[in-house]
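*Asks:* What follows is upload31.txt; its format and atoms are compact mmCIF, C-alpha atoms.
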# COMPACT_ATOMS: atom_id res chain seq x y z
CA MET A 1 17.80 4.99 -18.28
CA ARG A 2 14.91 5.15 -15.82
CA ILE A 3 15.95 4.66 -12.18
CA THR A 4 13.86 1.98 -10.48
CA GLN A 5 14.17 2.53 -6.74
CA GLY A 6 11.34 2.22 -4.27
CA THR A 7 7.73 1.20 -4.60
CA PHE A 8 5.96 2.00 -7.89
CA SER A 9 9.20 2.86 -9.72
CA PHE A 10 8.41 0.44 -12.55
CA LEU A 11 5.14 2.27 -13.22
CA PRO A 12 4.66 5.63 -14.95
CA ASP A 13 5.32 8.63 -12.71
CA LEU A 14 2.60 9.16 -10.11
CA THR A 15 0.23 12.10 -10.40
CA ASP A 16 -0.29 14.38 -7.40
CA ASP A 17 -3.65 12.67 -6.77
CA GLU A 18 -1.94 9.25 -6.73
CA ILE A 19 0.81 10.60 -4.44
CA THR A 20 -1.87 11.97 -2.10
CA ALA A 21 -3.59 8.56 -2.04
CA GLN A 22 -0.32 6.83 -1.06
CA ILE A 23 0.38 9.43 1.63
CA ALA A 24 -3.17 8.95 2.97
CA TYR A 25 -2.58 5.18 3.09
CA ALA A 26 0.61 5.71 5.11
CA LEU A 27 -1.01 8.15 7.51
CA GLU A 28 -4.04 5.84 8.00
CA HIS A 29 -1.57 3.17 9.15
CA GLY A 30 0.10 5.57 11.58
CA TRP A 31 3.25 5.92 9.48
CA PRO A 32 4.68 9.46 9.58
CA CYS A 33 6.19 10.68 6.32
CA SER A 34 9.35 12.51 5.32
CA VAL A 35 10.51 14.04 2.04
CA GLU A 36 14.09 13.58 0.76
CA TYR A 37 16.03 14.58 -2.36
CA THR A 38 19.34 13.75 -4.05
CA ASP A 39 21.31 14.20 -7.25
CA ASP A 40 23.15 10.89 -6.67
CA PRO A 41 20.63 8.02 -6.77
CA HIS A 42 23.29 5.27 -6.60
CA PRO A 43 21.60 2.15 -5.16
CA ARG A 44 23.96 2.20 -2.16
CA ASN A 45 23.29 5.88 -1.44
CA THR A 46 20.51 5.29 1.07
CA TYR A 47 20.97 8.58 2.92
CA TRP A 48 19.44 11.35 0.84
CA GLU A 49 19.15 14.99 1.90
CA MET A 50 16.15 15.55 4.17
CA TRP A 51 13.63 18.21 3.23
CA GLY A 52 12.86 19.60 6.67
CA LEU A 53 12.13 17.25 9.52
CA PRO A 54 10.05 14.07 9.39
CA LEU A 55 6.38 15.03 9.52
CA PHE A 56 5.43 13.11 12.68
CA ASP A 57 2.42 15.17 13.72
CA LEU A 58 0.67 15.59 10.38
CA ALA A 59 -2.57 13.76 9.73
CA ASP A 60 -3.54 15.60 6.54
CA PRO A 61 -2.11 14.17 3.29
CA ALA A 62 -2.43 17.63 1.67
CA ALA A 63 0.14 19.04 4.11
CA VAL A 64 2.65 16.33 3.15
CA LEU A 65 1.93 16.96 -0.53
CA ASP A 66 2.63 20.67 0.06
CA GLU A 67 6.12 19.67 1.29
CA VAL A 68 6.59 17.45 -1.77
CA ARG A 69 5.64 20.34 -4.05
CA ALA A 70 7.97 22.74 -2.22
CA CYS A 71 10.88 20.30 -2.52
CA ARG A 72 10.15 19.68 -6.21
CA GLY A 73 10.01 23.43 -6.77
CA GLU A 74 13.36 24.02 -5.06
CA HIS A 75 15.03 20.95 -6.65
CA PRO A 76 13.31 20.36 -10.02
CA GLU A 77 16.28 18.45 -11.47
CA HIS A 78 16.77 16.10 -8.49
CA TYR A 79 15.22 12.86 -7.44
CA VAL A 80 12.65 13.41 -4.69
CA ARG A 81 11.10 10.62 -2.64
CA VAL A 82 8.57 10.19 0.14
CA ASN A 83 9.34 7.77 2.96
CA ALA A 84 6.78 6.48 5.46
CA TYR A 85 8.09 5.16 8.79
CA ASP A 86 6.61 2.36 10.86
CA ALA A 87 7.56 2.41 14.56
CA SER A 88 5.31 -0.49 15.59
CA LEU A 89 8.28 -2.76 16.34
CA GLY A 90 9.91 -0.21 18.64
CA ARG A 91 12.22 1.26 15.99
CA GLN A 92 11.74 3.46 12.96
CA THR A 93 11.75 1.34 9.82
CA VAL A 94 10.78 2.39 6.31
CA ALA A 95 7.44 0.82 5.48
CA LEU A 96 6.92 2.63 2.18
CA SER A 97 9.23 4.65 -0.06
CA PHE A 98 8.50 6.00 -3.53
CA LEU A 99 9.82 8.55 -6.01
CA VAL A 100 7.76 11.69 -6.62
CA ASN A 101 10.18 13.58 -8.88
CA ARG A 102 12.88 12.76 -11.42
CA PRO A 103 15.31 14.97 -13.33
CA SER A 104 14.45 15.58 -16.97
CA GLU A 105 17.54 13.56 -18.00
CA GLU A 106 18.52 10.31 -16.28
CA PRO A 107 21.99 9.36 -17.52
CA GLY A 108 21.99 5.97 -15.80
CA PHE A 109 24.74 3.63 -14.66
CA ARG A 110 27.34 1.31 -16.08
CA VAL A 111 28.75 -1.91 -14.67
CA ASP A 112 32.55 -2.00 -14.45
CA ARG A 113 34.23 -5.39 -14.49
CA GLN A 114 37.63 -5.91 -12.88
CA GLU A 115 39.60 -9.10 -13.37
CA GLY A 116 42.01 -10.13 -10.62
CA ALA A 117 44.34 -12.96 -9.74
CA ASP A 118 43.11 -16.55 -10.06
CA ARG A 119 40.34 -15.54 -12.47
CA ARG A 120 38.59 -13.57 -9.75
CA VAL A 121 36.10 -11.13 -11.27
CA THR A 122 34.50 -8.27 -9.35
CA TYR A 123 31.88 -5.79 -10.49
CA SER A 124 31.03 -2.26 -9.44
CA ILE A 125 28.35 0.21 -10.45
CA HIS A 126 29.29 3.66 -11.75
CA SER A 127 26.76 6.49 -11.94
CA TYR A 128 27.23 8.67 -15.01
CA ALA A 129 25.72 11.58 -13.07
CA THR A 130 28.69 11.65 -10.67
CA GLU A 131 30.98 12.63 -13.53
CA ARG A 132 29.61 16.16 -13.02
CA PRO A 133 30.07 18.16 -9.80
CA ALA A 134 27.44 17.96 -7.06
CA GLY A 135 24.68 20.48 -7.65
CA ALA A 136 25.24 20.41 -11.44
CA ARG A 137 24.61 16.74 -12.19
CA TYR A 138 21.29 17.29 -13.92
CA GLY A 139 20.14 20.04 -16.27
CA GLY A 140 18.91 22.97 -14.18
CA ALA A 141 20.10 21.86 -10.72
CA ARG A 142 20.84 24.77 -8.45
CA GLY A 143 22.40 25.18 -5.08
CA GLY A 144 21.36 27.61 -2.43
CA SER A 145 19.49 27.31 0.77
CA ARG A 146 15.97 27.92 1.97
CA SER A 147 13.85 27.13 4.98
CA ASN A 148 10.48 25.41 4.64
CA GLY A 149 9.06 26.41 8.00
CA HIS A 150 10.23 23.34 9.91
CA GLY A 151 13.30 25.12 11.28
CA SER A 152 15.70 23.31 8.98
CA GLY A 153 17.69 24.81 6.13
CA HIS A 154 18.22 23.05 2.84
CA GLY A 155 21.13 23.14 0.46
CA GLN A 156 23.95 21.19 -1.09
CA HIS A 157 26.70 19.60 0.98
Let me see the file written as C-alpha cells.

*Replies:*
Amino acid sequence: MRITQGTFSFLPDLTDDEITAQIAYALEHGWPCSVEYTDDPHPRNTYWEMWGLPLFDLADPAAVLDEVRACRGEHPEHYVRVNAYDASLGRQTVALSFLVNRPSEEPGFRVDRQEGADRRVTYSIHSYATERPAGARYGGARGGSRSNGHGSGHGQH
C-alpha cells in the first residue's frame, strides 16, 4: 500500500531535481524548510522526528537538498518529508509538505470496526508497521544517533 500524505503523494516519487525545484519554490516565497522522518506514518501522527533544526536562514535549495540526502542516508527505511513554513500571518503554518523518501516495503493500514450498544459503529485505523518495535518497522531500519552540524542529535525515541 502506498502512503498518500502531503502534496504530490499521488504522483510517482520525486527525483532530486524535482525536490530541488519544490524547495526553490518554497524559498522564493520566503518559506523556510525543515526535514523530518518517521517509521510510523499514521495519519494522526503529525509530529515526526526533526532532522536538525528548521533551516530558517538558508536561501540555497542545494543546502536543503543536502539535508534531505543526509536524512535519507541515515534513515533509508523511513518516511522522510520536507515541510515549508509560512509565517506571513504571524504564526508558523505549514504551507507545503511532501514526501522525499519511502521505505522499500509499505505494509499499509487496516480499518477496524467496533460495534457498540444501540447499533453504534466506530472505526479506527491500525498501522501494520506498528506491529514491529520502533526502529525495526521497515526492512533495514537502524537506530543510533548522529549530528548533522546543526547542533542537534538524531536517533530513535

*Asks:* Any idea what the distance is between CA of Pro43 in chain A and CA of Asp66 in chain A?

*Replies:*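 Atom-to-atom, CA of Pro43 in chain A and CA of Asp66 in chain A are spaced 27.0 Å apart.
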
*Asks:* Report the distance between CA of Asp16 in chain A and CA of Tyr37 in chain A in Å, rounded to one decimal place.

*Replies:*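 Separation between CA of Asp16 in chain A and CA of Tyr37 in chain A: 17.1 Å.
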
*Asks:* Rounded to one decimal in Å, what is the spacing between CA of Cys71 in chain A and CA of Ile19 in chain A?

*Replies:*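 Separating CA of Cys71 in chain A from CA of Ile19 in chain A is a distance of 14.1 Å.
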
*Asks:* With a distance cut-off of 6 Å and only C-alpha atoms, select the neighbouring residues of range 6-14 of chain A, excluding the residue or stretch itself and same-chain residues fewer than 3 positions from it, and output the selection as number ranges by chain.

*Replies:* A: 18, 97-98

*Asks:* Neighbourhood query: residues within 12 Å of (11.6, 11.0, -1.7), file coordinates, counting all atoms listed in the file; return as an MDAnalysis selection string.

*Replies:* chainID A and resid 5:7 9 19 23 33:39 41 46:51 54 64:65 67:69 71:72 75 78:84 94 96:102

*Asks:* Excluding Pro61 in chain A and any residue of its chain fewer than 2 positions from it, enumerate the residues within 8 Å of it, using only C-alpha atoms, and give them as an NGL selection string.

*Replies:* :A and (20-21 or 23-24 or 27 or 58-59 or 63-65)

*Asks:* Do a neighbour search on Gln114 in chain A at 9 Å with only C-alpha atoms, toss out local chain neighbours closer than 3 positions, and write the hits as an mmCIF file with C-alpha atoms, in the frame of the given file.

*Replies:*
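Below you can see result_32.cif, which holds the result:
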data_model
loop_
_atom_site.group_PDB
_atom_site.id
_atom_site.type_symbol
_atom_site.label_atom_id
_atom_site.label_comp_id
_atom_site.auth_asym_id
_atom_site.auth_seq_id
_atom_site.Cartn_x
_atom_site.Cartn_y
_atom_site.Cartn_z
ATOM 1 C CA ARG A 120 38.590 -13.570 -9.750
ATOM 2 C CA VAL A 121 36.100 -11.130 -11.270
ATOM 3 C CA THR A 122 34.500 -8.270 -9.350
ATOM 4 C CA TYR A 123 31.880 -5.790 -10.490
ATOM 5 C CA SER A 124 31.030 -2.260 -9.440
#

*Asks:* Measuring atom to atom with all atoms listed in the file, identify which of A:Asp40, A:Asp118, A:Asp86, A:Glu74 is nearest to Arg132 in chain A.

*Replies:*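 So, comparing all the options, the nearest one is A:Asp40.
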
*Asks:* Counting all atoms listed in the file, which residue out of A:Glu28, A:Ile3, A:Ser88, A:Thr15 sits closest to Glu105 in chain A?

*Replies:*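 Checking each candidate against Glu105 in chain A, we get A:Ile3 as the closest.
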
*Asks:* Here is a test: counting all atoms listed in the file, which residue of A:Ser104, A:Gly52, A:Asp57, A:Arg44 is nearest to Ala70 in chain A?

*Replies:*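 For Ala70 in chain A, the nearest of the candidates is A:Gly52.
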